[in-house]
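A.B. asks: The file below is upload.txt, compact mmCIF, C-alpha atoms:
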# COMPACT_ATOMS: atom_id res chain seq x y z
CA MET A 1 -38.51 44.14 -6.63
CA PHE A 2 -35.34 45.12 -4.73
CA ALA A 3 -34.28 41.45 -4.40
CA ALA A 4 -34.77 40.85 -8.10
CA ARG A 5 -32.56 43.82 -8.99
CA ARG A 6 -29.84 42.58 -6.60
CA LEU A 7 -29.93 39.16 -8.30
CA LEU A 8 -29.58 40.79 -11.72
CA LEU A 9 -26.59 42.84 -10.52
CA SER A 10 -24.94 39.67 -9.16
CA CYS A 11 -25.38 37.91 -12.49
CA LYS A 12 -23.83 40.85 -14.39
CA GLN A 13 -20.80 40.82 -12.07
CA GLY A 14 -20.21 37.17 -12.93
CA ALA A 15 -18.46 38.13 -16.16
CA ASN A 16 -15.85 40.17 -14.31
CA GLN A 17 -15.25 37.28 -11.87
CA ALA A 18 -14.78 34.85 -14.75
CA ALA A 19 -12.34 37.28 -16.40
CA SER A 20 -10.32 37.57 -13.17
CA PHE A 21 -10.18 33.78 -12.95
CA LEU A 22 -8.89 33.62 -16.51
CA ARG A 23 -6.15 36.19 -15.89
CA GLY A 24 -4.91 34.23 -12.86
CA SER A 25 -4.99 30.82 -14.55
CA THR A 26 -3.08 31.01 -17.84
CA ASP A 27 -1.86 33.21 -20.71
CA SER A 28 -2.94 30.85 -23.44
CA SER A 29 -4.39 32.52 -26.54
CA SER A 30 -7.34 30.15 -26.50
CA ILE A 31 -8.20 31.18 -22.94
CA LEU A 32 -7.93 34.90 -23.85
CA THR A 33 -10.30 34.34 -26.72
CA THR A 34 -12.77 32.70 -24.37
CA LYS A 35 -12.36 35.63 -21.97
CA LYS A 36 -13.34 38.05 -24.70
CA ILE A 37 -16.37 35.99 -25.60
CA VAL A 38 -17.49 35.81 -21.99
CA GLU A 39 -17.03 39.58 -21.51
CA GLU A 40 -18.97 40.40 -24.64
CA GLU A 41 -21.72 38.00 -23.67
CA PHE A 42 -22.23 39.40 -20.19
CA ASN A 43 -21.68 43.09 -21.01
CA ARG A 44 -24.24 43.31 -23.83
CA PRO A 45 -27.36 45.37 -23.13
CA ILE A 46 -30.29 43.68 -21.49
CA THR A 47 -33.41 43.84 -23.65
CA VAL A 48 -36.94 42.89 -22.91
CA ASN A 49 -38.56 40.49 -25.34
CA ARG A 50 -41.71 41.70 -27.09
CA GLN A 51 -43.81 38.92 -25.63
CA ASP A 52 -42.74 39.97 -22.10
CA ARG A 53 -43.77 43.66 -22.44
CA GLY A 54 -47.19 43.03 -21.02
CA ARG A 55 -45.88 41.23 -17.95
CA PRO A 56 -45.14 42.99 -14.63
CA MET A 57 -41.67 44.50 -14.34
CA GLU A 58 -40.72 42.16 -11.47
CA GLY A 59 -41.48 39.12 -13.58
CA GLN A 60 -39.48 40.45 -16.52
CA ILE A 61 -36.47 41.17 -14.32
CA LEU A 62 -36.70 37.76 -12.68
CA THR A 63 -36.77 36.07 -16.08
CA LEU A 64 -33.74 38.08 -17.20
CA CYS A 65 -31.91 37.24 -13.97
CA LEU A 66 -32.48 33.54 -14.45
CA SER A 67 -31.34 33.77 -18.07
CA GLU A 68 -28.16 35.66 -17.11
CA LEU A 69 -27.50 33.22 -14.26
CA LEU A 70 -27.72 30.28 -16.63
CA ARG A 71 -25.26 31.90 -19.04
CA LEU A 72 -22.94 32.63 -16.10
CA ILE A 73 -22.94 28.98 -15.03
CA LEU A 74 -22.29 27.77 -18.58
CA ALA A 75 -19.48 30.28 -19.05
CA ARG A 76 -17.76 29.25 -15.84
CA VAL A 77 -17.98 25.58 -16.75
CA LEU A 78 -16.42 26.41 -20.14
CA VAL A 79 -13.61 28.42 -18.52
CA MET A 80 -12.81 25.62 -16.07
CA LEU A 81 -12.77 23.06 -18.88
CA LEU A 82 -10.39 25.12 -21.01
CA CYS A 83 -8.11 25.77 -18.04
CA PHE A 84 -7.99 22.06 -17.32
CA LEU A 85 -7.11 21.28 -20.95
CA CYS A 86 -4.32 23.86 -20.95
CA MET A 87 -2.87 22.52 -17.71
CA GLN A 88 -3.24 18.86 -18.73
CA PRO A 89 0.39 18.36 -19.93
CA ALA A 90 1.74 19.72 -16.64
CA LEU A 91 -0.67 17.60 -14.63
CA ALA A 92 0.25 14.50 -16.60
CA LEU A 93 3.97 15.17 -16.08
CA GLY A 94 3.53 15.70 -12.35
CA PHE A 95 1.37 12.59 -11.99
CA THR A 96 3.95 10.49 -13.88
CA GLY A 97 6.70 11.73 -11.60
CA PHE A 98 4.64 10.90 -8.52
CA LEU A 99 4.04 7.34 -9.76
CA ALA A 100 7.75 6.92 -10.47
CA PHE A 101 8.58 8.03 -6.93
CA LEU A 102 6.10 5.55 -5.44
CA HIS A 103 7.51 2.71 -7.55
CA TYR A 104 11.09 3.55 -6.53
CA ASN A 105 10.17 3.81 -2.86
CA ASP A 106 8.26 0.51 -2.97
CA GLU A 107 11.23 -1.24 -4.57
CA ARG A 108 13.55 0.08 -1.86
CA ARG A 109 11.25 -1.27 0.84
CA ALA A 110 10.48 -4.61 -0.82
CA VAL A 111 14.01 -5.51 -1.94
CA PRO A 112 16.69 -5.88 0.76
CA LYS A 113 19.65 -3.51 0.66
CA GLY A 114 22.36 -4.74 -1.68
CA GLN A 115 19.97 -7.09 -3.50
CA PRO A 116 19.16 -6.16 -7.11
CA SER A 117 15.58 -6.49 -8.29
CA SER A 118 15.13 -9.48 -10.57
CA SER A 119 12.31 -11.28 -12.33
CA ASN A 120 13.89 -14.54 -11.19
CA SER A 121 13.34 -13.72 -7.54
CA SER A 122 11.64 -16.15 -5.26
CA GLY A 123 8.24 -15.60 -3.72
CA CYS A 124 9.51 -13.61 -0.76
CA GLY A 125 10.88 -10.81 -2.91
CA CYS A 126 14.64 -11.48 -3.06
CA GLY A 127 16.80 -13.75 -5.13
CA SER A 128 17.73 -17.25 -4.09
CA ASN A 129 21.45 -16.97 -4.81
CA THR A 130 22.36 -13.54 -3.50
CA THR A 131 23.49 -12.50 -0.04
CA VAL A 132 21.75 -9.51 1.48
CA ARG A 133 24.03 -6.77 2.83
CA GLY A 134 22.27 -4.93 5.65
CA PRO A 135 18.58 -4.90 6.55
CA ILE A 136 15.74 -3.06 4.93
CA ILE A 137 13.29 -5.81 5.82
CA GLY A 138 12.46 -6.23 9.50
CA GLY A 139 11.74 -4.20 12.59
CA PRO A 140 10.75 -4.33 16.26
CA PHE A 141 7.87 -6.52 17.42
CA THR A 142 6.18 -7.73 20.61
CA LEU A 143 4.44 -11.10 20.42
CA MET A 144 3.39 -14.03 22.62
CA SER A 145 5.11 -17.41 22.62
CA THR A 146 3.32 -20.74 22.88
CA GLN A 147 4.39 -20.75 26.55
CA ASN A 148 2.47 -17.49 27.07
CA LYS A 149 5.65 -15.45 27.43
CA ILE A 150 6.27 -12.04 25.87
CA VAL A 151 8.85 -12.24 23.07
CA THR A 152 10.44 -9.25 21.34
CA GLU A 153 13.14 -8.96 18.71
CA LYS A 154 15.67 -8.45 21.53
CA ASP A 155 15.05 -12.00 22.75
CA LEU A 156 16.23 -13.39 19.41
CA ARG A 157 19.49 -11.48 19.29
CA ASP A 158 22.81 -13.34 19.43
CA LYS A 159 21.21 -16.29 17.57
CA TRP A 160 20.93 -17.34 13.98
CA VAL A 161 17.20 -17.43 13.28
CA LEU A 162 15.22 -19.10 10.52
CA LEU A 163 12.00 -17.08 10.51
CA TYR A 164 8.89 -18.40 8.76
CA PHE A 165 5.44 -16.80 8.38
CA GLY A 166 2.47 -19.16 8.02
CA TYR A 167 -0.58 -20.53 9.83
CA SER A 168 -1.52 -23.86 11.34
CA PHE A 169 -4.61 -24.42 9.20
CA SER A 170 -2.60 -24.33 5.97
CA PRO A 171 -3.60 -27.49 4.09
CA ASP A 172 -0.42 -28.09 2.11
CA VAL A 173 2.36 -25.49 1.84
CA GLY A 174 2.60 -24.77 5.58
CA PRO A 175 3.22 -28.37 6.69
CA GLU A 176 5.72 -28.91 3.87
CA GLN A 177 7.65 -25.81 4.89
CA LEU A 178 7.77 -26.88 8.53
CA LYS A 179 9.07 -30.31 7.54
CA MET A 180 11.73 -28.67 5.41
CA ILE A 181 12.78 -26.34 8.26
CA SER A 182 12.98 -29.21 10.72
CA GLY A 183 15.05 -31.30 8.32
CA ALA A 184 17.45 -28.44 7.56
CA VAL A 185 17.95 -27.64 11.26
CA ASP A 186 18.67 -31.32 11.93
CA LYS A 187 21.33 -31.46 9.22
CA LEU A 188 23.00 -28.27 10.39
CA GLU A 189 23.22 -29.48 13.99
CA SER A 190 24.18 -33.10 13.36
CA ASN A 191 26.52 -32.61 10.39
CA HIS A 192 28.03 -29.17 10.99
CA ASP A 193 27.40 -28.40 14.67
CA LYS A 194 25.56 -25.20 13.74
CA LYS A 195 22.60 -24.23 15.90
CA ILE A 196 19.78 -22.39 14.16
CA LEU A 197 16.64 -21.27 15.99
CA PRO A 198 13.51 -21.98 13.89
CA VAL A 199 10.71 -19.47 14.54
CA PHE A 200 7.15 -19.82 13.29
CA VAL A 201 5.07 -16.61 13.20
CA THR A 202 1.36 -17.16 12.63
CA LEU A 203 -0.66 -14.97 10.27
CA ASP A 204 -3.91 -16.30 11.76
CA PRO A 205 -3.85 -15.20 15.42
CA VAL A 206 -7.60 -15.68 15.88
CA ARG A 207 -7.37 -19.44 15.48
CA ASP A 208 -3.68 -19.92 16.32
CA THR A 209 -3.86 -19.33 20.06
CA PRO A 210 -0.76 -20.15 22.15
CA SER A 211 -2.11 -23.54 23.24
CA HIS A 212 -3.28 -24.52 19.77
CA LEU A 213 -0.04 -23.40 18.16
CA HIS A 214 2.00 -25.29 20.75
CA ALA A 215 0.18 -28.54 19.99
CA TYR A 216 0.50 -27.98 16.24
CA LEU A 217 4.24 -27.24 16.18
CA LYS A 218 4.97 -30.13 18.54
CA GLU A 219 3.92 -32.50 15.76
CA PHE A 220 6.81 -31.23 13.61
CA ASP A 221 9.67 -30.21 15.92
CA ASP A 222 9.91 -29.20 19.58
CA ARG A 223 12.67 -26.73 18.74
CA ILE A 224 10.37 -24.49 16.71
CA LEU A 225 9.46 -21.34 18.61
CA GLY A 226 5.85 -20.41 17.88
CA LEU A 227 4.77 -16.77 18.07
CA THR A 228 1.27 -15.32 18.04
CA GLY A 229 -0.41 -12.18 19.38
CA SER A 230 -3.14 -9.67 18.71
CA ALA A 231 -4.35 -9.04 15.18
CA SER A 232 -2.80 -5.56 15.19
CA ALA A 233 0.57 -6.85 16.42
CA MET A 234 0.64 -9.57 13.75
CA ARG A 235 -0.31 -7.09 11.06
CA GLN A 236 2.45 -4.72 12.13
CA MET A 237 5.10 -7.44 12.04
CA ALA A 238 3.87 -8.65 8.65
CA GLN A 239 4.26 -5.12 7.32
CA GLU A 240 7.75 -4.81 8.79
CA TYR A 241 8.83 -8.04 7.11
CA ARG A 242 6.97 -7.38 3.83
CA VAL A 243 4.70 -10.39 4.22
CA TYR A 244 1.53 -10.57 2.16
CA PHE A 245 -1.52 -12.32 3.63
CA LYS A 246 -5.28 -12.19 3.11
CA LYS A 247 -8.29 -14.26 4.14
CA VAL A 248 -9.87 -16.14 1.24
CA GLN A 249 -12.68 -18.66 0.71
CA GLU A 250 -14.42 -17.59 3.90
CA ASP A 251 -17.33 -19.74 5.05
CA GLY A 252 -18.22 -18.59 8.54
CA ASP A 253 -15.35 -19.48 10.87
CA ASP A 254 -13.75 -21.65 8.19
CA TYR A 255 -11.34 -19.90 5.81
CA LEU A 256 -7.92 -20.08 4.21
CA VAL A 257 -5.14 -17.50 4.30
CA ASP A 258 -3.49 -16.57 1.05
CA THR A 259 0.13 -15.71 1.91
CA SER A 260 3.55 -15.34 0.33
CA HIS A 261 5.06 -17.93 2.75
CA ASN A 262 8.11 -15.77 3.49
CA MET A 263 11.11 -17.42 5.12
CA TYR A 264 14.09 -15.36 6.26
CA LEU A 265 17.52 -16.10 7.66
CA LEU A 266 18.47 -13.55 10.33
CA ASN A 267 21.98 -13.11 11.71
CA PRO A 268 22.68 -12.58 15.45
CA LYS A 269 22.11 -8.83 14.96
CA MET A 270 18.57 -9.52 13.77
CA GLU A 271 19.47 -8.48 10.25
CA VAL A 272 17.90 -10.28 7.30
CA VAL A 273 20.71 -11.80 5.25
CA ARG A 274 18.77 -14.23 3.06
CA CYS A 275 15.23 -15.10 2.13
CA PHE A 276 14.03 -18.39 0.72
CA GLY A 277 11.13 -19.48 -1.44
CA VAL A 278 9.07 -22.64 -1.40
CA GLU A 279 11.27 -24.31 -4.01
CA TYR A 280 13.88 -25.47 -1.48
CA ASN A 281 14.29 -28.91 0.08
CA PRO A 282 16.02 -29.69 3.43
CA ASP A 283 19.41 -30.39 1.81
CA ASP A 284 19.44 -27.22 -0.28
CA LEU A 285 18.19 -25.06 2.57
CA SER A 286 20.79 -26.39 5.01
CA GLN A 287 23.59 -25.78 2.51
CA GLU A 288 22.50 -22.20 1.83
CA VAL A 289 22.19 -21.43 5.53
CA LEU A 290 25.59 -23.01 6.18
CA LYS A 291 27.19 -20.75 3.58
CA GLU A 292 25.87 -17.63 5.30
CA VAL A 293 26.81 -18.76 8.79
CA THR A 294 30.30 -19.80 7.68
CA SER A 295 31.02 -16.63 5.72
CA ALA A 296 29.89 -14.46 8.66
CA SER A 297 32.31 -16.20 11.02
CA GLN A 298 35.33 -15.72 8.78
Let me see the file written as structure tokens.
C.D. replies:
Amino acid sequence: MFAARRLLLSCKQGANQAASFLRGSTDSSSILTTKKIVEEEFNRPITVNRQDRGRPMEGQILTLCLSELLRLILARVLVMLLCFLCMQPALALGFTGFLAFLHYNDERRAVPKGQPSSSNSSGCGCGSNTTVRGPIIGGPFTLMSTQNKIVTEKDLRDKWVLLYFGYSFSPDVGPEQLKMISGAVDKLESNHDKKILPVFVTLDPVRDTPSHLHAYLKEFDDRILGLTGSASAMRQMAQEYRVYFKKVQEDGDDYLVDTSHNMYLLNPKMEVVRCFGVEYNPDDLSQEVLKEVTSASQ
């Protein structure tokens, strides 16, 4: 009996709690109207139905408590819904601003400093005919060479570097890119006496072990420095250089890697000054690299 009365008292207090919630949420006229309805609903006298008069008092009170509790739940749901509708314009405005901030921040990270965003950009995220002024792309890394030696970004300083991200099991684009890099490096050395260090960074470290990568790159050019490492180290470097890659068409241990095939030209300060897409050939690539090297020395 005592517990039933306590439950009834709790249900009656629900109207005051709902009213307090309304006062703290908004001053909208529609919300105030709902407040009045809720107060009237929960402050009306409790009556016992005629068919319940023959039942024990505890049962009648319990029935009334359950009825009041149900009305309390429905009223609170209604209040929350109306508050949400009143706040919807502000929420929409805030959400739109948040999305705009994310888009702006992503553009700053994906597009090198000094390079305008363009729909005519190549696959690596920057235009083919624009020089990059200062790095946004790039960062520190610690990887393993095909000679099982630790290589960091400091080891590549004071050199012009042509950096390519790929994997040895690439069926078509990877080999074509390596042939193009080798041809461009040959032309720059033989025709212009410009030394460029070609670097191949694998995106498939599980299969591209140092020994396997060494044998693979040797088929294209002995000058290419191959880098591999742990999966976490490769993922970190890919993020630093804004490289997309993902396993696809997996069939057990056999799979392909979908990647953006990024290729960057780095100056002796390890700053990205150009990036190149897959549309280049050895002659075009060597000419574009020569322009950057020549302009930097003037």
A.B. asks: Using only C-alpha atoms, pick whichever of A:Leu265, A:Leu162, A:Leu213, A:Val185 has the shortest atom-to-atom distance to Asp283 in chain A.
C.D. replies: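 Answer, going by the shortest atom-to-atom distance: A:Val185.
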A.B. asks: So, counting all atoms listed in the file, which residue among A:Gln249, A:Asn262, A:Gln177, A:Asn267 is closest to Glu292 in chain A?
C.D. replies: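 Closest to Glu292 in chain A, using all atoms listed in the file: A:Asn267.
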A.B. asks: Using CA of Ala215 in chain A and CA of Asp155 in chain A as the two end points, give the distance in Å to one decimal.
C.D. replies: 22.4 Å
A.B. asks: Nearest to Cys275 in chain A among A:Thr152, A:Leu163, A:Leu188, A:Lys179, with distances taken over only C-alpha atoms: which residue is it?
C.D. replies: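 Ranking A:Thr152, A:Leu163, A:Leu188, A:Lys179 by distance to Cys275 in chain A, first place goes to A:Leu163.
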A.B. asks: Counting all atoms listed in the file, figure out which residue out of A:Val173, A:Arg71, A:Asp186, A:Gly229 gets nearest to Val151 in chain A.
C.D. replies: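 The closest residue to Val151 in chain A is A:Gly229.
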A.B. asks: With distances taken over all atoms listed in the file, which of A:Leu72, A:Lys149, A:Glu240, A:Leu266 is nearest to Val161 in chain A?
C.D. replies: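 Ranking A:Leu72, A:Lys149, A:Glu240, A:Leu266 by distance to Val161 in chain A, first place goes to A:Leu266.
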A.B. asks: Rank nothing, just name the residue among A:Ala296, A:Leu69, A:Leu143, A:Leu178 nearest to Met237 in chain A, using only C-alpha atoms.
C.D. replies: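 Checking each of A:Ala296, A:Leu69, A:Leu143, A:Leu178 against Met237 in chain A, counting only C-alpha atoms, the winner is A:Leu143.
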